[in-house]
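Containing compact mmCIF, C-alpha atoms: protein_29.txt.
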# COMPACT_ATOMS: atom_id res chain seq x y z
CA MET U 21 -5.56 14.62 -13.59
CA ARG U 22 -7.60 11.53 -14.40
CA ILE U 23 -6.14 8.21 -13.29
CA ILE U 24 -7.83 4.90 -13.98
CA GLN U 25 -7.24 1.95 -11.67
CA ILE U 26 -7.73 -1.43 -13.26
CA SER U 27 -6.99 -4.67 -11.48
CA ASP U 28 -6.90 -8.43 -11.75
CA THR U 29 -7.06 -8.59 -15.52
CA HIS U 30 -5.82 -12.22 -15.33
CA LEU U 31 -4.71 -12.31 -18.96
CA SER U 32 -3.96 -15.81 -20.20
CA ALA U 33 -2.30 -17.31 -23.24
CA GLU U 34 -4.02 -20.63 -22.49
CA PHE U 35 -7.49 -19.91 -21.08
CA SER U 36 -9.94 -17.66 -22.92
CA GLN U 37 -12.99 -17.80 -20.63
CA PHE U 38 -12.55 -14.19 -19.46
CA THR U 39 -10.81 -12.61 -22.45
CA ALA U 40 -13.97 -10.80 -23.57
CA ASN U 41 -14.09 -8.83 -20.32
CA ALA U 42 -10.50 -7.68 -20.75
CA GLU U 43 -11.22 -6.56 -24.30
CA ALA U 44 -14.37 -4.71 -23.18
CA LEU U 45 -12.30 -3.01 -20.50
CA LYS U 46 -9.80 -1.88 -23.15
CA ARG U 47 -12.59 -0.46 -25.34
CA ASN U 48 -13.99 1.53 -22.44
CA LEU U 49 -10.60 2.87 -21.41
CA ALA U 50 -10.18 4.26 -24.93
CA THR U 51 -12.90 6.83 -24.19
CA SER U 52 -12.21 7.33 -20.47
CA GLY U 53 -9.97 10.38 -20.83
CA ALA U 54 -7.31 8.69 -18.72
CA ASP U 55 -3.98 10.47 -18.24
CA LEU U 56 -2.53 7.41 -16.50
CA VAL U 57 -3.64 3.79 -15.96
CA ILE U 58 -2.53 1.83 -12.88
CA ASN U 59 -3.05 -1.94 -12.64
CA THR U 60 -3.07 -3.11 -9.03
CA GLY U 61 -1.89 -6.62 -9.75
CA ASP U 62 -2.64 -10.03 -11.16
CA LEU U 63 -2.08 -8.68 -14.63
CA SER U 64 -1.64 -12.32 -15.70
CA MET U 65 -3.62 -15.48 -15.08
CA ASN U 66 -0.56 -17.39 -13.92
CA GLY U 67 2.56 -15.50 -14.93
CA ALA U 68 4.32 -16.84 -11.83
CA ILE U 69 4.74 -20.12 -13.72
CA ARG U 70 3.83 -19.25 -17.34
CA ALA U 71 6.08 -16.81 -19.18
CA ALA U 72 3.52 -16.59 -21.99
CA ASP U 73 0.93 -15.11 -19.63
CA LEU U 74 3.28 -12.31 -18.54
CA ALA U 75 4.21 -11.62 -22.16
CA LEU U 76 0.54 -11.39 -23.16
CA ALA U 77 -0.18 -9.07 -20.23
CA ALA U 78 2.65 -6.77 -21.32
CA GLU U 79 1.36 -6.68 -24.89
CA TRP U 80 -2.21 -5.96 -23.76
CA HIS U 81 -1.14 -3.08 -21.53
CA ARG U 82 1.00 -1.52 -24.27
CA ALA U 83 -2.18 -1.16 -26.35
CA LEU U 84 -3.94 0.98 -23.72
CA PRO U 85 -4.56 4.66 -24.57
CA ALA U 86 -2.44 6.12 -21.74
CA PRO U 87 0.83 5.44 -19.93
CA VAL U 88 0.61 2.44 -17.61
CA LEU U 89 2.10 1.66 -14.20
CA ALA U 90 1.56 -1.67 -12.45
CA VAL U 91 2.28 -3.48 -9.22
CA PRO U 92 2.53 -7.28 -9.13
CA GLY U 93 -0.02 -9.68 -7.71
CA ASN U 94 0.36 -13.20 -6.40
CA HIS U 95 -0.37 -14.70 -9.82
CA ASP U 96 2.39 -12.56 -11.35
CA VAL U 97 5.32 -13.18 -8.97
CA GLY U 98 4.18 -15.74 -6.39
CA ASP U 99 3.31 -15.32 -2.73
CA ARG U 100 4.54 -16.14 0.76
CA ALA U 101 5.49 -19.80 1.02
CA GLU U 102 2.81 -20.48 3.64
CA ILE U 103 0.21 -19.31 1.12
CA ARG U 104 1.69 -20.89 -2.03
CA PHE U 105 4.50 -23.31 -1.20
CA ASP U 106 4.62 -24.28 -4.87
CA GLN U 107 4.99 -20.68 -6.10
CA PRO U 108 7.01 -18.71 -3.55
CA ILE U 109 8.15 -15.26 -4.54
CA ASN U 110 11.85 -15.53 -5.40
CA ASP U 111 14.64 -13.90 -7.39
CA ALA U 112 13.71 -15.65 -10.64
CA ARG U 113 10.05 -14.61 -10.52
CA LEU U 114 10.93 -11.03 -9.58
CA ALA U 115 13.45 -10.83 -12.41
CA ALA U 116 10.94 -12.17 -14.93
CA TYR U 117 8.31 -9.64 -13.89
CA ARG U 118 10.75 -6.74 -14.02
CA GLN U 119 12.07 -7.74 -17.42
CA VAL U 120 8.65 -8.20 -19.02
CA ILE U 121 6.37 -5.77 -17.17
CA GLY U 122 8.66 -3.25 -15.46
CA PRO U 123 9.48 -2.08 -11.90
CA ASP U 124 7.58 -3.78 -9.09
CA ARG U 125 7.74 -0.64 -6.93
CA TRP U 126 7.74 2.94 -8.12
CA VAL U 127 7.03 6.61 -7.42
CA GLU U 128 5.04 8.93 -9.67
CA ASP U 129 4.65 12.61 -8.80
CA ILE U 130 1.67 14.64 -10.00
CA PRO U 131 0.63 18.14 -8.87
CA GLY U 132 0.04 18.04 -5.12
CA TRP U 133 0.50 14.28 -4.85
CA ARG U 134 3.02 11.49 -4.68
CA LEU U 135 1.76 8.13 -5.95
CA ILE U 136 3.64 5.12 -4.56
CA GLY U 137 3.39 1.60 -5.94
CA LEU U 138 4.40 -1.31 -3.69
CA ASN U 139 5.07 -5.00 -4.23
CA ALA U 140 2.72 -6.46 -1.61
CA MET U 141 3.86 -9.99 -2.38
CA LEU U 142 7.19 -9.33 -0.67
CA PHE U 143 5.51 -8.58 2.66
CA GLN U 144 6.51 -11.07 5.37
CA SER U 145 7.86 -13.37 2.64
CA GLY U 146 11.33 -13.79 4.07
CA HIS U 147 12.82 -12.38 0.87
CA ALA U 148 15.63 -9.88 1.45
CA GLU U 149 13.84 -7.26 -0.63
CA ASP U 150 10.98 -7.07 1.87
CA LYS U 151 13.07 -5.00 4.29
CA ALA U 152 14.69 -3.10 1.43
CA GLN U 153 11.25 -2.07 0.20
CA LEU U 154 10.20 -0.91 3.68
CA ASP U 155 13.36 1.20 3.98
CA TRP U 156 12.71 2.62 0.50
CA LEU U 157 9.08 3.41 1.43
CA ALA U 158 10.12 5.31 4.56
CA GLU U 159 12.44 7.39 2.38
CA VAL U 160 10.14 8.17 -0.55
CA ALA U 161 7.14 8.84 1.72
CA ARG U 162 8.91 11.82 3.31
CA VAL U 163 7.48 14.34 0.93
CA ASP U 164 5.59 17.63 1.15
CA ALA U 165 2.60 16.29 -0.74
CA LYS U 166 -0.44 14.11 -0.28
CA VAL U 167 0.29 10.41 -0.74
CA ALA U 168 -1.67 7.68 -2.52
CA LEU U 169 -0.58 4.08 -2.09
CA PHE U 170 -1.21 1.41 -4.75
CA LEU U 171 -0.72 -2.27 -3.96
CA HIS U 172 -2.29 -5.64 -4.74
CA LYS U 173 -3.61 -6.86 -1.40
CA PRO U 174 -5.71 -4.56 0.78
CA LEU U 175 -4.23 -3.59 4.12
CA CYS U 176 -7.31 -4.74 6.02
CA ILE U 177 -10.97 -5.62 5.68
CA GLU U 178 -12.57 -3.36 8.27
CA THR U 179 -10.03 -1.99 10.79
CA MET U 180 -6.29 -1.43 10.85
CA ASP U 181 -5.95 -3.29 14.16
CA GLU U 182 -7.82 -6.43 13.06
CA GLY U 183 -6.26 -9.88 13.06
CA PRO U 184 -5.06 -11.89 10.04
CA TRP U 185 -7.28 -12.71 7.07
CA GLY U 186 -4.99 -15.31 5.52
CA TYR U 187 -4.96 -15.11 1.74
CA TRP U 188 -7.01 -11.93 1.48
CA THR U 189 -5.03 -9.12 3.14
CA VAL U 190 -1.59 -7.92 4.15
CA VAL U 191 -0.52 -9.73 7.34
CA PRO U 192 -0.92 -7.64 10.53
CA GLU U 193 2.81 -7.55 11.27
CA ARG U 194 3.61 -6.01 7.91
CA ARG U 195 0.58 -3.71 8.07
CA ARG U 196 1.97 -2.25 11.30
CA ALA U 197 5.43 -1.87 9.75
CA LEU U 198 3.95 -0.09 6.74
CA MET U 199 2.03 2.34 8.89
CA THR U 200 5.18 3.04 10.91
CA ALA U 201 7.02 3.82 7.68
CA LEU U 202 4.14 6.15 6.72
CA SER U 203 3.68 7.69 10.17
CA GLU U 204 4.81 11.19 9.12
CA THR U 205 3.12 11.02 5.73
CA ASP U 206 -0.06 12.75 4.60
CA LEU U 207 -1.58 9.45 3.45
CA ARG U 208 -4.95 10.05 1.80
CA LEU U 209 -5.64 6.99 -0.36
CA VAL U 210 -4.90 3.25 -0.34
CA ALA U 211 -5.94 1.59 -3.60
CA SER U 212 -5.80 -2.19 -3.90
CA GLY U 213 -7.17 -5.12 -5.89
CA HIS U 214 -6.95 -8.88 -5.29
CA LEU U 215 -10.46 -9.40 -3.89
CA HIS U 216 -12.33 -8.94 -7.21
CA ILE U 217 -14.69 -6.66 -5.29
CA ALA U 218 -15.53 -2.97 -5.66
CA ARG U 219 -15.68 -1.30 -2.27
CA HIS U 220 -14.90 2.02 -0.60
CA ARG U 221 -14.34 2.68 3.11
CA VAL U 222 -12.83 5.52 5.10
CA ILE U 223 -10.64 3.93 7.79
CA ASP U 224 -8.83 6.14 10.30
CA GLY U 225 -9.33 9.11 8.00
CA VAL U 226 -7.83 7.39 4.93
CA GLU U 227 -9.79 6.40 1.81
CA HIS U 228 -9.47 2.66 1.10
CA VAL U 229 -10.64 1.68 -2.38
CA TRP U 230 -10.85 -1.92 -3.58
CA GLY U 231 -10.65 -1.96 -7.34
CA PRO U 232 -13.00 -4.39 -9.11
CA ALA U 233 -11.52 -7.04 -11.38
CA GLY U 234 -11.33 -6.84 -15.14
CA SER U 235 -11.71 -10.60 -15.58
CA PHE U 236 -14.02 -12.56 -13.28
CA VAL U 237 -15.82 -12.43 -9.95
CA CYS U 238 -15.81 -15.02 -7.18
CA GLY U 239 -18.90 -16.87 -6.03
CA ASP U 240 -19.12 -19.33 -3.14
CA ILE U 241 -15.34 -19.91 -3.21
CA GLN U 242 -14.99 -16.54 -1.46
CA GLU U 243 -16.50 -15.58 1.87
CA ASP U 244 -18.65 -12.46 2.16
CA LEU U 245 -16.29 -9.47 2.41
CA GLY U 246 -18.83 -6.79 1.53
CA GLY U 247 -18.81 -4.61 -1.58
CA ASP U 248 -19.92 -5.36 -5.14
CA ARG U 249 -18.76 -8.39 -7.09
CA ARG U 250 -18.85 -6.81 -10.53
CA ILE U 251 -16.47 -6.31 -13.45
CA GLY U 252 -15.16 -2.79 -13.87
CA TYR U 253 -12.57 -0.19 -12.94
CA VAL U 254 -12.09 2.93 -10.80
CA GLU U 255 -11.90 6.45 -12.20
CA TYR U 256 -10.04 8.97 -10.01
CA ASP U 257 -9.82 12.71 -10.51
CA PHE U 258 -6.79 14.07 -8.66
CA SER U 259 -6.36 17.77 -7.92
CA ARG U 260 -4.07 19.68 -5.59
CA ASP U 261 -6.95 19.85 -3.10
CA GLY U 262 -7.83 16.16 -3.02
CA VAL U 263 -9.16 13.21 -4.98
CA SER U 264 -12.59 11.94 -5.96
CA HIS U 265 -13.44 8.54 -7.36
CA ARG U 266 -16.24 6.58 -8.97
CA PHE U 267 -16.64 2.94 -9.85
CA VAL U 268 -17.36 2.22 -13.50
CA PHE U 269 -19.09 -1.04 -14.48
CA PRO U 270 -19.18 -1.11 -18.30
CA ALA U 271 -22.36 -2.40 -19.88
CA ASP U 272 -20.43 -4.63 -22.28
CA THR U 273 -18.75 -6.67 -19.52
CA ARG U 274 -20.22 -9.78 -17.89
CA ASP U 275 -19.90 -10.65 -14.21
CA LEU U 276 -18.61 -14.15 -14.92
CA PRO U 277 -17.79 -16.32 -11.89
CA LEU U 278 -14.49 -18.15 -11.57
CA ASP U 279 -16.08 -21.02 -9.60
CA PRO U 280 -17.07 -23.34 -12.51
CA VAL U 281 -13.55 -23.32 -13.99
CA HIS U 282 -11.45 -22.69 -10.89
CA ASP U 283 -10.00 -26.19 -10.66
CA LEU U 284 -9.23 -26.20 -14.39
CA ILE U 285 -7.32 -22.92 -14.29
CA TYR U 286 -5.91 -23.26 -10.76
CA PRO U 287 -5.67 -27.00 -10.01
CA PRO U 288 -5.98 -27.86 -6.31
CA LEU U 289 -2.63 -27.97 -4.53
CA LYS U 290 -1.22 -31.18 -3.19
CA SER U 291 0.46 -30.96 0.19
CA ALA U 292 4.09 -29.84 0.35
CA ALA U 293 5.03 -33.39 1.39
CA GLU U 294 3.58 -34.95 -1.77
Could you write out this structure as structure tokens?
Amino acid sequence: MRIIQISDTHLSAEFSQFTANAEALKRNLATSGADLVINTGDLSMNGAIRAADLALAAEWHRALPAPVLAVPGNHDVGDRAEIRFDQPINDARLAAYRQVIGPDRWVEDIPGWRLIGLNAMLFQSGHAEDKAQLDWLAEVARVDAKVALFLHKPLCIETMDEGPWGYWTVVPERRRALMTALSETDLRLVASGHLHIARHRVIDGVEHVWGPAGSFVCGDIQEDLGGDRRIGYVEYDFSRDGVSHRFVFPADTRDLPLDPVHDLIYPPLKSAAE
């Protein structure tokens, strides 16, 4: 079964600087032979505060040539308050995402595998659904099959016992809780987005794949995290025996940096006291 992971499409009803990359991505997916497409978050440029961005993202995904599953990113539903005090994940943002896009966590079974999609923005957020999702994960992960996990933020950069990376990864406390919930699971793959970087590592026997963005790359506004800062997607071939993957960087995309327009699209935050 061929599954395509796209990520960070950042579709916007207001800003068109990166629309051409999204459209090139769509053209390439039309000939990819995909049986399923999974978007690992930030479908929208700023759907957490702009309903039109979420609506556009839903319309764009409906036009893809295969069924689509998605998990939300920080720009879709908000983040922990210490990361984005102005856009905390809350009931209203979750409800808007679910109404327009669909479930923010899900299970999809294919021969030999269980695919699990998680809402990484709930992690350590203080929202009641954080614990509910962990309990749900422990339940659905008890399965006689290999497991692939799809979420927006990567679990770690290099090692599962590393310290916090702030904005970039799942916080260590929640990483440990996730691995406890998955302790009796045959976890084979963790696929994430968020970093706008294509990278593959095997960590503690598990494949960790960072999906490249379908919109823009980051320049000096992002520290060096390894991998390739290019526009593209990931093509997986799942079989009962395992999974293989390759990164695809379409020739008709451009590796456009966010840096020159960052403050226009994402204005600098004032302090919470202002």
Nearest to U:Thr60 by atom-to-atom distance, counting all atoms listed in the file, from U:Arg208, U:Arg195, U:Arg125, U:Arg134:
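Among the listed residues, U:Arg125 lies closest to U:Thr60.
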Point to revise | Point-to-point distance from atom CA of U:His216 to atom CA of U:Val127, Å rounded to tenths | key: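 Result for atom CA of U:His216 versus atom CA of U:Val127: 24.8 Å, one decimal.
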Would you be able to write out as a list in words which residues have an atom within 10 Å of (2.8, -21.3, -11.0) in the file's coordinates, counting all atoms listed in the file?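 Answer for this query, in the requested form: Met65, Asn66, Gly67, Ala68, Ile69, Arg70, Ala71, Asn94, His95, Asp96, Val97, Gly98, Arg104, Asp106, Gln107, Pro108, Arg113 and Tyr286 of chain U.
Here the question is which of U:Ala83, U:Leu114, U:Ala271, U:Met21 gets nearest to U:Asp129 using only C-alpha atoms, and that residue is U:Met21.
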Would you tabulate, counting only C-alpha atoms, all residues of stretch 65-139 of chain U that have an atom at most 12 Å from an atom of stretch 250-270 of chain U, showing the closest pair of atoms and their distance in Å to one decimal, sorted by chain then ascending number, as a tab-separated table?
residue	atom	partner	partner_atom	distance
U:Asp129	CA	U:Phe258	CA	11.5
U:Ile130	CA	U:Phe258	CA	8.6
U:Pro131	CA	U:Arg260	CA	5.9
U:Gly132	CA	U:Arg260	CA	4.5
U:Trp133	CA	U:Arg260	CA	7.1
U:Arg134	CA	U:Arg260	CA	10.9
U:Leu135	CA	U:Phe258	CA	10.8
Print the selection's residues with C-alpha atoms to a file, as a compact mmCIF listing (two decimals), keeping the file's coordinate frame.
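The result, stored in part-v6.txt:
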# COMPACT_ATOMS: atom_id res chain seq x y z
CA ASP U 129 4.65 12.61 -8.80
CA ILE U 130 1.67 14.64 -10.00
CA PRO U 131 0.63 18.14 -8.87
CA GLY U 132 0.04 18.04 -5.12
CA TRP U 133 0.50 14.28 -4.85
CA ARG U 134 3.02 11.49 -4.68
CA LEU U 135 1.76 8.13 -5.95
Shortest interatomic distance to U:Ser36 - which of U:Leu207, U:Ala197, U:Val281, U:Ala165, counting all atoms listed in the file: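 Closest residue, counting all atoms listed in the file: U:Val281.
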Write out as a list in words each polymer residue whose atoms come within 10 Å of U:Gln242, counting all atoms listed in the file; drop sequence neighbours fewer than 6 positions from it. Trp188, Leu215, His216 and Asp279 of chain U
